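Participant: Let me give you the structure first, and then I'll get to my questions.
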Amino acid sequence: MDRIELLMAGSASATINEIADYIEGIVMAGIHTPIVISVCGGTSTCKSTYVTQNLVEEIGPDICVAVELDNFQKGRESKSEHLGFYGHDTPEYFGHEAYYRVISDLKNGNSVMVPFYNYKEGKQTSITAVEPWPVIIAEGLFGAYGEMADLADYIIYVESPLYARLLRRLTRNCYERYNATPIVAFRNFFPTLNSHNDLIVPQKERANAIIEVPYKFQESIERFNLQPITNSSIKRHFIWEYQMSTDSLLGVFDDESDLFFCVVHENNIYFSFRISNELFRKLISLDMSSL
């Protein structure tokens, strides 16, 4: 299938609908199947929870199947082997070679066995047989990395501003995947930026469509049932702040010589935890609006 002109629709949902209509037309015409759609992009950009889920729904779950790269990661026991400049966000840790073989087999019309990664247990805990459906969505950080870019018929790059990636990852890792403490989730975000800039963003050059997924902190409040901190007050002097929207901001305040990072939404504080001077210097060096 020939690559088509880059799509830049006015909204994420409009772009997804346009892509789905285009792919459906190809399937109905019987031009070329299976079709491999790569959905790639940075951590916590809603590749799976928004873009892929909506693509499957719009294209049709009766002809479309998603295979997530996350399920191929090597797990907790091997994390000590992946503590370099990029942390765990590397093709090697995510089992990219095995993932490529699975997607390649599906594209060639073969059934495959796909693992399931259990975040609570920190390992792959089961496998599932997957058939070569007409449309295969290959979703993950490295969905169009290396040979995957040549294997894909259509590449979608998903992006969100840095502040959105930070807060989505913070809330997800605290309340859904790992039960991490806020400071651990916050600290672990910074190594992902090296991988994002060097390994993930270059995939954007091969994309047929670029989708920017917007973010409002209210979404995290509703998804994870977040509650304001008891007796919290925003009457503080912030030594650093970033205004995400008219009703939400990130801030750092000084309390008896200790630095605290917080999230303020509609005059309520939802996170407040101590950070080191080193983390503060890293935080203020970032461009929160960068993609």
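Letters for chains follow the order of the structure tokens (A, B, ...), residue numbers begin at 1 for each chain, and ligand numbers begin at 1 in the order shown.
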If we count only C-alpha atoms, what is near A:Val65 at a cut-off of 9 Å, once residues fewer than 3 positions away on the same chain are taken out, given as a list in words?
Facilitator: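 My reading of the contact set: Val56, Pro61, Asp62, Val130, Glu131, Pro132, Trp133, Pro134, Val135, Ile136, Ile137 and Ala138 of chain A.
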Participant: Which residues, written as a list of chain:residue names, have at least one atom at most 12 Å from A:Asn277, with only C-alpha atoms counted and residues fewer than 4 positions away on the same chain left out?
Facilitator: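 Final neighbour list, sorted by chain and number: A:Val252, A:Phe253, A:Asp254, A:Ser257, A:Asp258, A:Leu259, A:Phe260, A:Phe261, A:Arg281, A:Lys282, A:Leu283, A:Ile284.
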Participant: Keeping only N, CA and C atoms, write those residues as a PDB file, in the first residue's frame.
Facilitator:
```pdb
ATOM      1  N   VAL A 252       6.190  24.595  42.628  1.00  0.00           N
ATOM      2  CA  VAL A 252       7.164  24.184  43.647  1.00  0.00           C
ATOM      3  C   VAL A 252       7.217  25.295  44.678  1.00  0.00           C
ATOM      4  N   PHE A 253       7.058  24.941  45.957  1.00  0.00           N
ATOM      5  CA  PHE A 253       7.127  25.927  47.029  1.00  0.00           C
ATOM      6  C   PHE A 253       8.155  25.488  48.069  1.00  0.00           C
ATOM      7  N   ASP A 254       8.616  26.449  48.814  1.00  0.00           N
ATOM      8  CA  ASP A 254       9.634  26.246  49.843  1.00  0.00           C
ATOM      9  C   ASP A 254       8.951  26.252  51.196  1.00  0.00           C
ATOM     10  N   SER A 257      12.748  25.403  54.281  1.00  0.00           N
ATOM     11  CA  SER A 257      13.954  25.007  53.549  1.00  0.00           C
ATOM     12  C   SER A 257      13.803  23.719  52.752  1.00  0.00           C
ATOM     13  N   ASP A 258      12.651  23.069  52.825  1.00  0.00           N
ATOM     14  CA  ASP A 258      12.389  21.894  51.990  1.00  0.00           C
ATOM     15  C   ASP A 258      11.574  22.315  50.776  1.00  0.00           C
ATOM     16  N   LEU A 259      11.863  21.679  49.633  1.00  0.00           N
ATOM     17  CA  LEU A 259      11.147  21.981  48.404  1.00  0.00           C
ATOM     18  C   LEU A 259      10.037  20.954  48.190  1.00  0.00           C
ATOM     19  N   PHE A 260       8.853  21.436  47.804  1.00  0.00           N
ATOM     20  CA  PHE A 260       7.712  20.557  47.569  1.00  0.00           C
ATOM     21  C   PHE A 260       7.138  20.822  46.174  1.00  0.00           C
ATOM     22  N   PHE A 261       6.941  19.736  45.433  1.00  0.00           N
ATOM     23  CA  PHE A 261       6.265  19.806  44.146  1.00  0.00           C
ATOM     24  C   PHE A 261       4.777  19.570  44.381  1.00  0.00           C
ATOM     25  N   ARG A 281      16.312  21.324  40.058  1.00  0.00           N
ATOM     26  CA  ARG A 281      17.101  21.893  38.961  1.00  0.00           C
ATOM     27  C   ARG A 281      16.743  21.224  37.635  1.00  0.00           C
ATOM     28  N   LYS A 282      16.521  19.928  37.661  1.00  0.00           N
ATOM     29  CA  LYS A 282      16.117  19.230  36.437  1.00  0.00           C
ATOM     30  C   LYS A 282      14.746  19.716  35.970  1.00  0.00           C
ATOM     31  N   LEU A 283      13.829  19.888  36.917  1.00  0.00           N
ATOM     32  CA  LEU A 283      12.465  20.304  36.584  1.00  0.00           C
ATOM     33  C   LEU A 283      12.450  21.675  35.913  1.00  0.00           C
ATOM     34  N   ILE A 284      13.141  22.645  36.496  1.00  0.00           N
ATOM     35  CA  ILE A 284      13.061  24.010  35.979  1.00  0.00           C
ATOM     36  C   ILE A 284      13.841  24.157  34.663  1.00  0.00           C
TER      37      ILE A 284
END
```
Participant: Sorted by chain and rising residue number, list the residues of stretch 16-106 of chain A at most 10 Å from stretch 168-189 of chain A (counting only C-alpha atoms), each with its closest atom pair and distance in Å to one decimal, as a Markdown table.
Facilitator:
```
| residue | atom | partner | partner_atom | distance |
| --- | --- | --- | --- | --- |
| A:Thr43 | CA | A:Arg169 | CA | 7.5 |
| A:Ser44 | CA | A:Arg169 | CA | 5.6 |
| A:Thr45 | CA | A:Arg168 | CA | 7.9 |
| A:Cys46 | CA | A:Arg168 | CA | 8.7 |
| A:Gly87 | CA | A:Asn188 | CA | 8.5 |
| A:His88 | CA | A:Asn188 | CA | 9.7 |
```
Participant: Just to be explicit: take each residue in the selection above, keep N, CA and C atoms, and write the result as a PDB file, in the first residue's frame.
Facilitator:
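To be explicit, this is the file written out as part04.pdb:
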```pdb
ATOM      1  N   THR A  43       6.085   8.217  26.024  1.00  0.00           N
ATOM      2  CA  THR A  43       5.396   7.641  27.166  1.00  0.00           C
ATOM      3  C   THR A  43       4.230   8.528  27.584  1.00  0.00           C
ATOM      4  N   SER A  44       3.127   7.894  27.942  1.00  0.00           N
ATOM      5  CA  SER A  44       1.964   8.590  28.504  1.00  0.00           C
ATOM      6  C   SER A  44       1.388   9.647  27.554  1.00  0.00           C
ATOM      7  N   THR A  45       1.324   9.299  26.281  1.00  0.00           N
ATOM      8  CA  THR A  45       0.687  10.191  25.301  1.00  0.00           C
ATOM      9  C   THR A  45      -0.693   9.691  24.891  1.00  0.00           C
ATOM     10  N   CYS A  46      -1.169   8.638  25.539  1.00  0.00           N
ATOM     11  CA  CYS A  46      -2.475   8.037  25.248  1.00  0.00           C
ATOM     12  C   CYS A  46      -2.483   7.240  23.946  1.00  0.00           C
ATOM     13  N   GLY A  87      17.444   4.552  30.811  1.00  0.00           N
ATOM     14  CA  GLY A  87      16.611   3.831  31.761  1.00  0.00           C
ATOM     15  C   GLY A  87      16.022   2.583  31.128  1.00  0.00           C
ATOM     16  N   HIS A  88      14.739   2.333  31.389  1.00  0.00           N
ATOM     17  CA  HIS A  88      14.077   1.144  30.847  1.00  0.00           C
ATOM     18  C   HIS A  88      13.450   1.386  29.486  1.00  0.00           C
TER      19      HIS A  88
END
```
Participant: If you measure from atom CA of A:Pro115 to atom CA of A:Thr128, what distance in Å do you get, rounded to one decimal?
Facilitator: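 So the answer is 6.3 Å.
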Participant: If you run DSSP over the backbone, which residues in stretch 129-283 of chain A end up helix (DSSP H, G or I)? Put them as a PyMOL selection string.
Facilitator: chain A and resi 147-151+162-177+182-206+217-224+277-283
Participant: Please provide the set of residues having any atom within 10 Å of A:Lys204, restricted to only C-alpha atoms, with same-chain residues fewer than 2 positions apart removed, written as a list in words.
Facilitator: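 My list of contacting residues is Cys40, Gly41, Ala144, Tyr145, Ile155, Ile156, Tyr157, Val158, Glu159, Ile200, Val201, Pro202, Arg206, Ala207, Asn208, Ala209 and Ile210 of chain A.
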Participant: Output N, CA and C atoms for every residue in the selection just made, as a compact mmCIF listing (two decimals), in the first residue's frame.
Facilitator:
```txt
# COMPACT_ATOMS: atom_id res chain seq x y z
N CYS A 40 2.89 4.85 17.41
CA CYS A 40 4.08 5.04 18.24
C CYS A 40 4.07 6.43 18.84
N GLY A 41 5.03 6.68 19.73
CA GLY A 41 5.12 7.99 20.36
C GLY A 41 5.61 7.87 21.79
N ALA A 144 7.40 2.16 15.51
CA ALA A 144 7.94 2.42 14.17
C ALA A 144 9.45 2.58 14.25
N TYR A 145 10.06 1.86 15.18
CA TYR A 145 11.51 1.95 15.37
C TYR A 145 12.21 0.91 14.50
N ILE A 155 1.84 4.73 9.54
CA ILE A 155 2.45 5.08 10.83
C ILE A 155 1.76 6.30 11.41
N ILE A 156 1.31 6.16 12.65
CA ILE A 156 0.70 7.27 13.39
C ILE A 156 1.62 7.60 14.56
N TYR A 157 2.05 8.84 14.62
CA TYR A 157 2.88 9.29 15.74
C TYR A 157 2.00 10.10 16.69
N VAL A 158 2.02 9.72 17.97
CA VAL A 158 1.16 10.36 18.98
C VAL A 158 2.04 11.19 19.92
N GLU A 159 1.61 12.42 20.18
CA GLU A 159 2.40 13.29 21.04
C GLU A 159 1.51 14.09 21.98
N ILE A 200 12.69 8.01 20.37
CA ILE A 200 11.26 8.01 20.06
C ILE A 200 10.87 9.10 19.07
N VAL A 201 11.29 10.33 19.32
CA VAL A 201 10.92 11.44 18.43
C VAL A 201 11.36 11.20 16.98
N PRO A 202 12.53 10.60 16.72
CA PRO A 202 12.90 10.35 15.31
C PRO A 202 11.89 9.52 14.52
N ARG A 206 8.89 9.41 9.94
CA ARG A 206 8.30 8.43 9.02
C ARG A 206 6.78 8.40 9.10
N ALA A 207 6.20 9.26 9.94
CA ALA A 207 4.76 9.17 10.21
C ALA A 207 3.93 9.64 9.03
N ASN A 208 2.81 8.94 8.81
CA ASN A 208 1.79 9.39 7.86
C ASN A 208 0.82 10.36 8.51
N ALA A 209 0.65 10.22 9.82
CA ALA A 209 -0.25 11.11 10.56
C ALA A 209 0.34 11.40 11.92
N ILE A 210 0.15 12.61 12.39
CA ILE A 210 0.61 13.03 13.71
C ILE A 210 -0.61 13.48 14.50
```
Participant: With distances taken over only C-alpha atoms, which of A:Glu57, A:Glu139, A:Glu147, A:Glu121 is nearest to A:Glu97?
Facilitator: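 Looking at the shortest contact to A:Glu97, the residue is A:Glu147.
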Participant: Quick one: pick out all strand (DSSP E or B) residues within stretch 169-269 of chain A from a backbone DSSP run and write them as a VMD selection string.
Facilitator: chain A and resid 209 to 212 238 to 245 248 to 255 258 to 265 268 to 269
Participant: Neighbouring residues of A:Asp21 were defined as those with any atom within 8 Å, considering only C-alpha atoms; residues of the same chain fewer than 4 positions away were excluded. Please report them as a compact mmCIF listing (two decimals) with C-alpha atoms, in the first residue's frame.
Facilitator:
```
# COMPACT_ATOMS: atom_id res chain seq x y z
CA ASN A 17 -11.98 9.09 12.25
CA GLY A 25 -12.04 1.69 2.48
CA GLU A 58 -13.92 3.02 14.51
CA ILE A 59 -12.37 0.49 12.12
```
Participant: State, in Å with one decimal place, the distance from atom CA of A:Leu250 to atom CA of A:Phe271.
Facilitator: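 That distance, rounded to one decimal, is 9.5 Å.
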